[in-house]
Amino acid sequence: MIDPYFRVELIAQTPLPQRVIYVAMHQDYSEGFVTDETEIALMDEAECGQRIVKNLLKGGRGHYGPLEHPQITLNVGWFPHSTMQQIRTHRVGISFDCQSGRYTGKRIIDVANGQRDVEEVFYLRPLGQYTNRQGNKYTYTVAHREHHLERCIKAAQEYKDDINAGLAEEHARGLIPFDVRQHWVMSANVRSLMHLLDLRWKADAQLEAQKMCELIWPHFQAWVPAIADWYEQNRKHKARLAP
């Protein structure tokens with residue numbers, strides 16, 4: 001089940017991305033100037049995708065350079081701050097612009113004033129069974145969660161008091177719950193997006209990062225369908241080393 005606030009929306013993407021990748025790949029071994037070749041001009045997106053899988057991806061040879069040319073830009077919203085920390089780590093070729101706690105504290109004051117749902121601003125995991133890093137199982141109960149919601153509301157009220165007392169936003173934010181929700185814009189190429197999916201969609205990745213990948217996936221499928229089909233069959237959830 002995905003948190004009802006989590007969202008990933010498309011902002012922009014390179015058109016005909018599989019054609020771009022194929023042309024780049026073809027130039028590597030072509031004697032001529034590839035855009036002058038009649039065959040290239042007549043190839044459609046689907047055929048380019050098939051050739052990429054057959055000549056570049058199949059067999060796991062690792063020649064992923066041509067995948068770096070097309071780029072997609074996504075708006076990711078309402079995920080906890082900890083998710084941003086996870087996806088910015090070990091990433092290659094991904095750019096981020098994330099909400100700053102220096103300029104975006106009004107929603108926290110709205111919680112303190114009772115004008116906004118606390119769970120729209122602060123993220124708490126769903127009720128249920130979990131396992132810690134030592135392999136021990138535990139239950140996140142209704143009582144735990146209600147107590148944590150109360151702490152979030154109290155923190156929002158203290159944040160409001162600090163702001164009213166004249167503290168700077170970057171000073172007052174220091175004591176708000178770590179998993180305040182954030183929005184960000186991220187841009188990635190085909191290779192770097194697969195790298196992210198390899199790292200954060202595997203079974204032992206943190207829950208929220210897995211859910212983010214789950215919401216990114218339909219955009220990836222629609223954008224580069226042949227590559228996505230290959231990825232689904234060969235790499236999805238398999239925790240292989242990222243290319």
# chains A, B, ... in the order shown; residues from 1 in each chain; ligands from 1
$ closest_atom_pairs --of "range 78-179 of chain A" --to "range 195-200 of chain A" --cutoff "12 Å" --atoms "only C-alpha atoms" --output "CSV"
residue,atom,partner,partner_atom,distance
A:Thr83,CA,A:Arg200,CA,9.8
A:Met84,CA,A:Arg200,CA,11.5
A:Gln85,CA,A:Arg200,CA,11.7
A:Gln86,CA,A:Arg200,CA,8.1
A:Ile87,CA,A:Leu196,CA,7.2
A:Arg88,CA,A:Leu196,CA,9.3
A:Thr89,CA,A:Leu196,CA,9.6
A:His90,CA,A:Leu199,CA,8.3
A:Arg91,CA,A:Leu196,CA,6.5
A:Val92,CA,A:His195,CA,7.7
A:Gly93,CA,A:His195,CA,9.4
A:Ile94,CA,A:Leu196,CA,8.9
$ closest_atom_pairs --of "range 18-114 of chain A" --to "range 148-154 of chain A" --cutoff "12 Å" --atoms "only C-alpha atoms" --output "Markdown table"
| residue | atom | partner | partner_atom | distance |
| --- | --- | --- | --- | --- |
| A:Arg107 | CA | A:Ile153 | CA | 11.9 |
| A:Ile108 | CA | A:Ile153 | CA | 8.9 |
| A:Ile109 | CA | A:Ile153 | CA | 9.8 |
| A:Asp110 | CA | A:Ile153 | CA | 10.3 |
| A:Val111 | CA | A:Ile153 | CA | 6.7 |
| A:Ala112 | CA | A:Ile153 | CA | 6.3 |
| A:Asn113 | CA | A:Ile153 | CA | 9.6 |
| A:Gly114 | CA | A:Ile153 | CA | 9.1 |
$ write_last_selection --atoms "all heavy atoms" --output "mmCIF file, in the first residue's frame"
data_model
loop_
_atom_site.group_PDB
_atom_site.id
_atom_site.type_symbol
_atom_site.label_atom_id
_atom_site.label_comp_id
_atom_site.auth_asym_id
_atom_site.auth_seq_id
_atom_site.Cartn_x
_atom_site.Cartn_y
_atom_site.Cartn_z
ATOM 1 N N ARG A 107 3.734 25.559 6.181
ATOM 2 C CA ARG A 107 2.889 24.384 6.374
ATOM 3 C C ARG A 107 3.015 23.817 7.786
ATOM 4 O O ARG A 107 2.067 23.216 8.308
ATOM 5 C CB ARG A 107 3.203 23.323 5.319
ATOM 6 C CG ARG A 107 4.585 22.698 5.420
ATOM 7 C CD ARG A 107 4.913 21.956 4.110
ATOM 8 N NE ARG A 107 6.097 21.118 4.206
ATOM 9 C CZ ARG A 107 7.341 21.565 4.213
ATOM 10 N NH1 ARG A 107 7.562 22.880 4.150
ATOM 11 N NH2 ARG A 107 8.367 20.735 4.279
ATOM 12 N N ILE A 108 4.178 24.016 8.418
ATOM 13 C CA ILE A 108 4.380 23.548 9.795
ATOM 14 C C ILE A 108 3.549 24.405 10.750
ATOM 15 O O ILE A 108 2.902 23.900 11.673
ATOM 16 C CB ILE A 108 5.866 23.593 10.162
ATOM 17 C CG1 ILE A 108 6.656 22.681 9.211
ATOM 18 C CG2 ILE A 108 6.086 23.168 11.615
ATOM 19 C CD1 ILE A 108 8.150 22.815 9.328
ATOM 20 N N ILE A 109 3.530 25.700 10.515
ATOM 21 C CA ILE A 109 2.710 26.603 11.324
ATOM 22 C C ILE A 109 1.229 26.295 11.116
ATOM 23 O O ILE A 109 0.429 26.371 12.064
ATOM 24 C CB ILE A 109 3.045 28.067 10.987
ATOM 25 C CG1 ILE A 109 4.488 28.373 11.419
ATOM 26 C CG2 ILE A 109 2.060 29.024 11.665
ATOM 27 C CD1 ILE A 109 4.973 29.748 11.014
ATOM 28 N N ASP A 110 0.853 25.911 9.889
ATOM 29 C CA ASP A 110 -0.538 25.530 9.626
ATOM 30 C C ASP A 110 -0.953 24.351 10.500
ATOM 31 O O ASP A 110 -2.093 24.296 10.985
ATOM 32 C CB ASP A 110 -0.721 25.152 8.151
ATOM 33 C CG ASP A 110 -0.690 26.361 7.227
ATOM 34 O OD1 ASP A 110 -0.811 27.497 7.717
ATOM 35 O OD2 ASP A 110 -0.556 26.150 6.005
ATOM 36 N N VAL A 111 -0.056 23.389 10.708
ATOM 37 C CA VAL A 111 -0.355 22.259 11.593
ATOM 38 C C VAL A 111 -0.574 22.756 13.014
ATOM 39 O O VAL A 111 -1.524 22.360 13.697
ATOM 40 C CB VAL A 111 0.784 21.211 11.557
ATOM 41 C CG1 VAL A 111 0.581 20.153 12.645
ATOM 42 C CG2 VAL A 111 0.841 20.549 10.192
ATOM 43 N N ALA A 112 0.294 23.649 13.470
ATOM 44 C CA ALA A 112 0.165 24.194 14.821
ATOM 45 C C ALA A 112 -1.157 24.925 15.004
ATOM 46 O O ALA A 112 -1.764 24.882 16.091
ATOM 47 C CB ALA A 112 1.335 25.137 15.119
ATOM 48 N N ASN A 113 -1.625 25.580 13.940
ATOM 49 C CA ASN A 113 -2.880 26.339 14.004
ATOM 50 C C ASN A 113 -4.109 25.479 13.728
ATOM 51 O O ASN A 113 -5.231 25.985 13.727
ATOM 52 C CB ASN A 113 -2.844 27.489 12.996
ATOM 53 C CG ASN A 113 -1.842 28.568 13.388
ATOM 54 O OD1 ASN A 113 -1.519 28.722 14.576
ATOM 55 N ND2 ASN A 113 -1.350 29.311 12.411
ATOM 56 N N GLY A 114 -3.915 24.194 13.477
ATOM 57 C CA GLY A 114 -5.034 23.314 13.157
ATOM 58 C C GLY A 114 -5.614 23.534 11.791
ATOM 59 O O GLY A 114 -6.751 23.120 11.507
#
$ residues_around --residues "Ala228 in chain A" --least-positions-apart "5" --cutoff "12 Å" --atoms "only C-alpha atoms" --output "ChimeraX atom specification"
/A:18,49-50,52-53,57,190-191,193-194,197,216-223,233-236
$ residues_around --residues "range 1-15 of chain A" --least-positions-apart "6" --cutoff "9 Å" --atoms "only C-alpha atoms" --output "list in words"
His69, Pro70, Gln71, Ile72, Thr73, Leu74, Asn75, Val76, Gly77, Trp78, Phe79, Glu119, Glu120, Arg125, Pro126, Val185, Glu208, Lys211, Met212, Glu214, Leu215, Ile216, His219 and Trp223 of chain A
$ select_by_dssp --residues "range 28-91 of chain A" --states "strand (DSSP E)" --output "list in words"
Gln71, Ile72, Thr73, Leu74, Asn75, Val76, Gly77, Trp78, Phe79 and Pro80 of chain A
$ write_last_selection --atoms "N, CA and C atoms" --output "mmCIF file, in the first residue's frame"
data_model
loop_
_atom_site.group_PDB
_atom_site.id
_atom_site.type_symbol
_atom_site.label_atom_id
_atom_site.label_comp_id
_atom_site.auth_asym_id
_atom_site.auth_seq_id
_atom_site.Cartn_x
_atom_site.Cartn_y
_atom_site.Cartn_z
ATOM 1 N N GLN A 71 17.037 12.386 -21.199
ATOM 2 C CA GLN A 71 16.839 12.791 -19.800
ATOM 3 C C GLN A 71 15.356 12.968 -19.502
ATOM 4 N N ILE A 72 14.982 12.614 -18.274
ATOM 5 C CA ILE A 72 13.610 12.798 -17.809
ATOM 6 C C ILE A 72 13.646 13.611 -16.520
ATOM 7 N N THR A 73 12.653 14.487 -16.335
ATOM 8 C CA THR A 73 12.563 15.324 -15.140
ATOM 9 C C THR A 73 11.230 15.066 -14.462
ATOM 10 N N LEU A 74 11.284 14.733 -13.173
ATOM 11 C CA LEU A 74 10.110 14.354 -12.400
ATOM 12 C C LEU A 74 9.932 15.259 -11.191
ATOM 13 N N ASN A 75 8.685 15.473 -10.813
ATOM 14 C CA ASN A 75 8.347 16.173 -9.577
ATOM 15 C C ASN A 75 7.923 15.111 -8.559
ATOM 16 N N VAL A 76 8.667 15.005 -7.469
ATOM 17 C CA VAL A 76 8.420 13.997 -6.439
ATOM 18 C C VAL A 76 7.891 14.720 -5.211
ATOM 19 N N GLY A 77 6.774 14.256 -4.662
ATOM 20 C CA GLY A 77 6.153 15.023 -3.591
ATOM 21 C C GLY A 77 5.698 14.222 -2.393
ATOM 22 N N TRP A 78 5.743 14.889 -1.245
ATOM 23 C CA TRP A 78 5.210 14.409 0.027
ATOM 24 C C TRP A 78 5.970 13.206 0.594
ATOM 25 N N PHE A 79 7.202 13.007 0.156
ATOM 26 C CA PHE A 79 8.017 11.940 0.734
ATOM 27 C C PHE A 79 8.782 12.478 1.937
ATOM 28 N N PRO A 80 9.101 11.617 2.905
ATOM 29 C CA PRO A 80 9.837 12.092 4.079
ATOM 30 C C PRO A 80 11.268 12.490 3.744
#
$ decode --residues "range 158-172 of chain A" --atoms "all heavy atoms" --output "PDB file, in the first residue's frame"
ATOM      1  N   GLU A 158       5.841  24.212  18.842  1.00  0.00           N
ATOM      2  CA  GLU A 158       7.099  24.795  19.318  1.00  0.00           C
ATOM      3  C   GLU A 158       7.814  25.545  18.195  1.00  0.00           C
ATOM      4  O   GLU A 158       8.431  26.595  18.424  1.00  0.00           O
ATOM      5  CB  GLU A 158       7.986  23.697  19.893  1.00  0.00           C
ATOM      6  CG  GLU A 158       7.436  23.128  21.205  1.00  0.00           C
ATOM      7  CD  GLU A 158       8.285  22.009  21.762  1.00  0.00           C
ATOM      8  OE1 GLU A 158       9.157  21.496  21.026  1.00  0.00           O
ATOM      9  OE2 GLU A 158       8.070  21.637  22.934  1.00  0.00           O
ATOM     10  N   TYR A 159       7.724  25.015  16.979  1.00  0.00           N
ATOM     11  CA  TYR A 159       8.292  25.713  15.821  1.00  0.00           C
ATOM     12  C   TYR A 159       7.617  27.075  15.644  1.00  0.00           C
ATOM     13  O   TYR A 159       8.284  28.106  15.453  1.00  0.00           O
ATOM     14  CB  TYR A 159       8.105  24.856  14.570  1.00  0.00           C
ATOM     15  CG  TYR A 159       8.553  25.512  13.284  1.00  0.00           C
ATOM     16  CD1 TYR A 159       9.873  25.405  12.851  1.00  0.00           C
ATOM     17  CD2 TYR A 159       7.661  26.233  12.490  1.00  0.00           C
ATOM     18  CE1 TYR A 159      10.284  25.997  11.664  1.00  0.00           C
ATOM     19  CE2 TYR A 159       8.064  26.829  11.308  1.00  0.00           C
ATOM     20  CZ  TYR A 159       9.382  26.708  10.893  1.00  0.00           C
ATOM     21  OH  TYR A 159       9.791  27.304   9.716  1.00  0.00           O
ATOM     22  N   LYS A 160       6.292  27.089  15.724  1.00  0.00           N
ATOM     23  CA  LYS A 160       5.553  28.345  15.605  1.00  0.00           C
ATOM     24  C   LYS A 160       5.983  29.324  16.686  1.00  0.00           C
ATOM     25  O   LYS A 160       6.205  30.526  16.406  1.00  0.00           O
ATOM     26  CB  LYS A 160       4.056  28.065  15.708  1.00  0.00           C
ATOM     27  CG  LYS A 160       3.178  29.314  15.748  1.00  0.00           C
ATOM     28  CD  LYS A 160       1.730  28.943  16.029  1.00  0.00           C
ATOM     29  CE  LYS A 160       0.900  30.211  16.261  1.00  0.00           C
ATOM     30  NZ  LYS A 160      -0.506  29.877  16.609  1.00  0.00           N
ATOM     31  N   ASP A 161       6.121  28.848  17.923  1.00  0.00           N
ATOM     32  CA  ASP A 161       6.538  29.723  19.023  1.00  0.00           C
ATOM     33  C   ASP A 161       7.920  30.320  18.758  1.00  0.00           C
ATOM     34  O   ASP A 161       8.170  31.501  19.030  1.00  0.00           O
ATOM     35  CB  ASP A 161       6.552  28.945  20.342  1.00  0.00           C
ATOM     36  CG  ASP A 161       5.148  28.557  20.807  1.00  0.00           C
ATOM     37  OD1 ASP A 161       4.169  29.159  20.312  1.00  0.00           O
ATOM     38  OD2 ASP A 161       5.047  27.651  21.651  1.00  0.00           O
ATOM     39  N   ASP A 162       8.831  29.489  18.239  1.00  0.00           N
ATOM     40  CA  ASP A 162      10.183  29.976  17.950  1.00  0.00           C
ATOM     41  C   ASP A 162      10.172  31.040  16.858  1.00  0.00           C
ATOM     42  O   ASP A 162      10.874  32.055  16.944  1.00  0.00           O
ATOM     43  CB  ASP A 162      11.084  28.813  17.525  1.00  0.00           C
ATOM     44  CG  ASP A 162      11.511  27.950  18.699  1.00  0.00           C
ATOM     45  OD1 ASP A 162      11.373  28.408  19.848  1.00  0.00           O
ATOM     46  OD2 ASP A 162      11.992  26.825  18.460  1.00  0.00           O
ATOM     47  N   ILE A 163       9.370  30.813  15.824  1.00  0.00           N
ATOM     48  CA  ILE A 163       9.266  31.797  14.739  1.00  0.00           C
ATOM     49  C   ILE A 163       8.684  33.109  15.282  1.00  0.00           C
ATOM     50  O   ILE A 163       9.173  34.208  14.983  1.00  0.00           O
ATOM     51  CB  ILE A 163       8.415  31.256  13.575  1.00  0.00           C
ATOM     52  CG1 ILE A 163       9.096  30.059  12.906  1.00  0.00           C
ATOM     53  CG2 ILE A 163       8.139  32.356  12.553  1.00  0.00           C
ATOM     54  CD1 ILE A 163      10.415  30.361  12.245  1.00  0.00           C
ATOM     55  N   ASN A 164       7.642  33.002  16.094  1.00  0.00           N
ATOM     56  CA  ASN A 164       7.029  34.202  16.678  1.00  0.00           C
ATOM     57  C   ASN A 164       7.986  34.933  17.609  1.00  0.00           C
ATOM     58  O   ASN A 164       7.876  36.155  17.792  1.00  0.00           O
ATOM     59  CB  ASN A 164       5.755  33.832  17.438  1.00  0.00           C
ATOM     60  CG  ASN A 164       4.622  33.431  16.499  1.00  0.00           C
ATOM     61  OD1 ASN A 164       4.645  33.766  15.310  1.00  0.00           O
ATOM     62  ND2 ASN A 164       3.632  32.718  17.021  1.00  0.00           N
ATOM     63  N   ALA A 165       8.940  34.181  18.187  1.00  0.00           N
ATOM     64  CA  ALA A 165       9.926  34.796  19.069  1.00  0.00           C
ATOM     65  C   ALA A 165      11.080  35.429  18.297  1.00  0.00           C
ATOM     66  O   ALA A 165      11.971  36.026  18.912  1.00  0.00           O
ATOM     67  CB  ALA A 165      10.476  33.753  20.040  1.00  0.00           C
ATOM     68  N   GLY A 166      11.051  35.291  16.968  1.00  0.00           N
ATOM     69  CA  GLY A 166      12.051  35.950  16.141  1.00  0.00           C
ATOM     70  C   GLY A 166      13.172  35.072  15.630  1.00  0.00           C
ATOM     71  O   GLY A 166      14.086  35.564  14.960  1.00  0.00           O
ATOM     72  N   LEU A 167      13.124  33.762  15.921  1.00  0.00           N
ATOM     73  CA  LEU A 167      14.175  32.882  15.423  1.00  0.00           C
ATOM     74  C   LEU A 167      14.083  32.740  13.900  1.00  0.00           C
ATOM     75  O   LEU A 167      12.985  32.746  13.333  1.00  0.00           O
ATOM     76  CB  LEU A 167      14.075  31.498  16.056  1.00  0.00           C
ATOM     77  CG  LEU A 167      14.840  31.282  17.376  1.00  0.00           C
ATOM     78  CD1 LEU A 167      14.247  32.147  18.486  1.00  0.00           C
ATOM     79  CD2 LEU A 167      14.845  29.813  17.748  1.00  0.00           C
ATOM     80  N   ALA A 168      15.233  32.601  13.267  1.00  0.00           N
ATOM     81  CA  ALA A 168      15.265  32.351  11.830  1.00  0.00           C
ATOM     82  C   ALA A 168      14.718  30.961  11.534  1.00  0.00           C
ATOM     83  O   ALA A 168      14.822  30.050  12.360  1.00  0.00           O
ATOM     84  CB  ALA A 168      16.704  32.453  11.310  1.00  0.00           C
ATOM     85  N   GLU A 169      14.147  30.798  10.344  1.00  0.00           N
ATOM     86  CA  GLU A 169      13.545  29.510   9.974  1.00  0.00           C
ATOM     87  C   GLU A 169      14.557  28.372  10.048  1.00  0.00           C
ATOM     88  O   GLU A 169      14.233  27.272  10.501  1.00  0.00           O
ATOM     89  CB  GLU A 169      12.941  29.590   8.567  1.00  0.00           C
ATOM     90  CG  GLU A 169      11.662  30.382   8.462  1.00  0.00           C
ATOM     91  CD  GLU A 169      11.870  31.890   8.365  1.00  0.00           C
ATOM     92  OE1 GLU A 169      13.039  32.337   8.435  1.00  0.00           O
ATOM     93  OE2 GLU A 169      10.867  32.610   8.225  1.00  0.00           O
ATOM     94  N   GLU A 170      15.795  28.626   9.585  1.00  0.00           N
ATOM     95  CA  GLU A 170      16.786  27.556   9.606  1.00  0.00           C
ATOM     96  C   GLU A 170      17.236  27.200  11.015  1.00  0.00           C
ATOM     97  O   GLU A 170      17.815  26.141  11.247  1.00  0.00           O
ATOM     98  CB  GLU A 170      18.007  27.908   8.739  1.00  0.00           C
ATOM     99  CG  GLU A 170      18.842  29.078   9.233  1.00  0.00           C
ATOM    100  CD  GLU A 170      18.436  30.397   8.606  1.00  0.00           C
ATOM    101  OE1 GLU A 170      17.254  30.539   8.219  1.00  0.00           O
ATOM    102  OE2 GLU A 170      19.300  31.282   8.518  1.00  0.00           O
ATOM    103  N   HIS A 171      16.954  28.095  11.956  1.00  0.00           N
ATOM    104  CA  HIS A 171      17.247  27.819  13.363  1.00  0.00           C
ATOM    105  C   HIS A 171      16.084  27.040  13.995  1.00  0.00           C
ATOM    106  O   HIS A 171      16.287  26.011  14.656  1.00  0.00           O
ATOM    107  CB  HIS A 171      17.481  29.135  14.096  1.00  0.00           C
ATOM    108  CG  HIS A 171      18.071  28.995  15.458  1.00  0.00           C
ATOM    109  ND1 HIS A 171      18.547  30.065  16.190  1.00  0.00           N
ATOM    110  CD2 HIS A 171      18.266  27.903  16.245  1.00  0.00           C
ATOM    111  CE1 HIS A 171      19.007  29.636  17.355  1.00  0.00           C
ATOM    112  NE2 HIS A 171      18.837  28.327  17.413  1.00  0.00           N
ATOM    113  N   ALA A 172      14.882  27.497  13.731  1.00  0.00           N
ATOM    114  CA  ALA A 172      13.703  26.879  14.338  1.00  0.00           C
ATOM    115  C   ALA A 172      13.462  25.463  13.819  1.00  0.00           C
ATOM    116  O   ALA A 172      12.926  24.612  14.541  1.00  0.00           O
ATOM    117  CB  ALA A 172      12.469  27.744  14.070  1.00  0.00           C
TER     118      ALA A 172
END
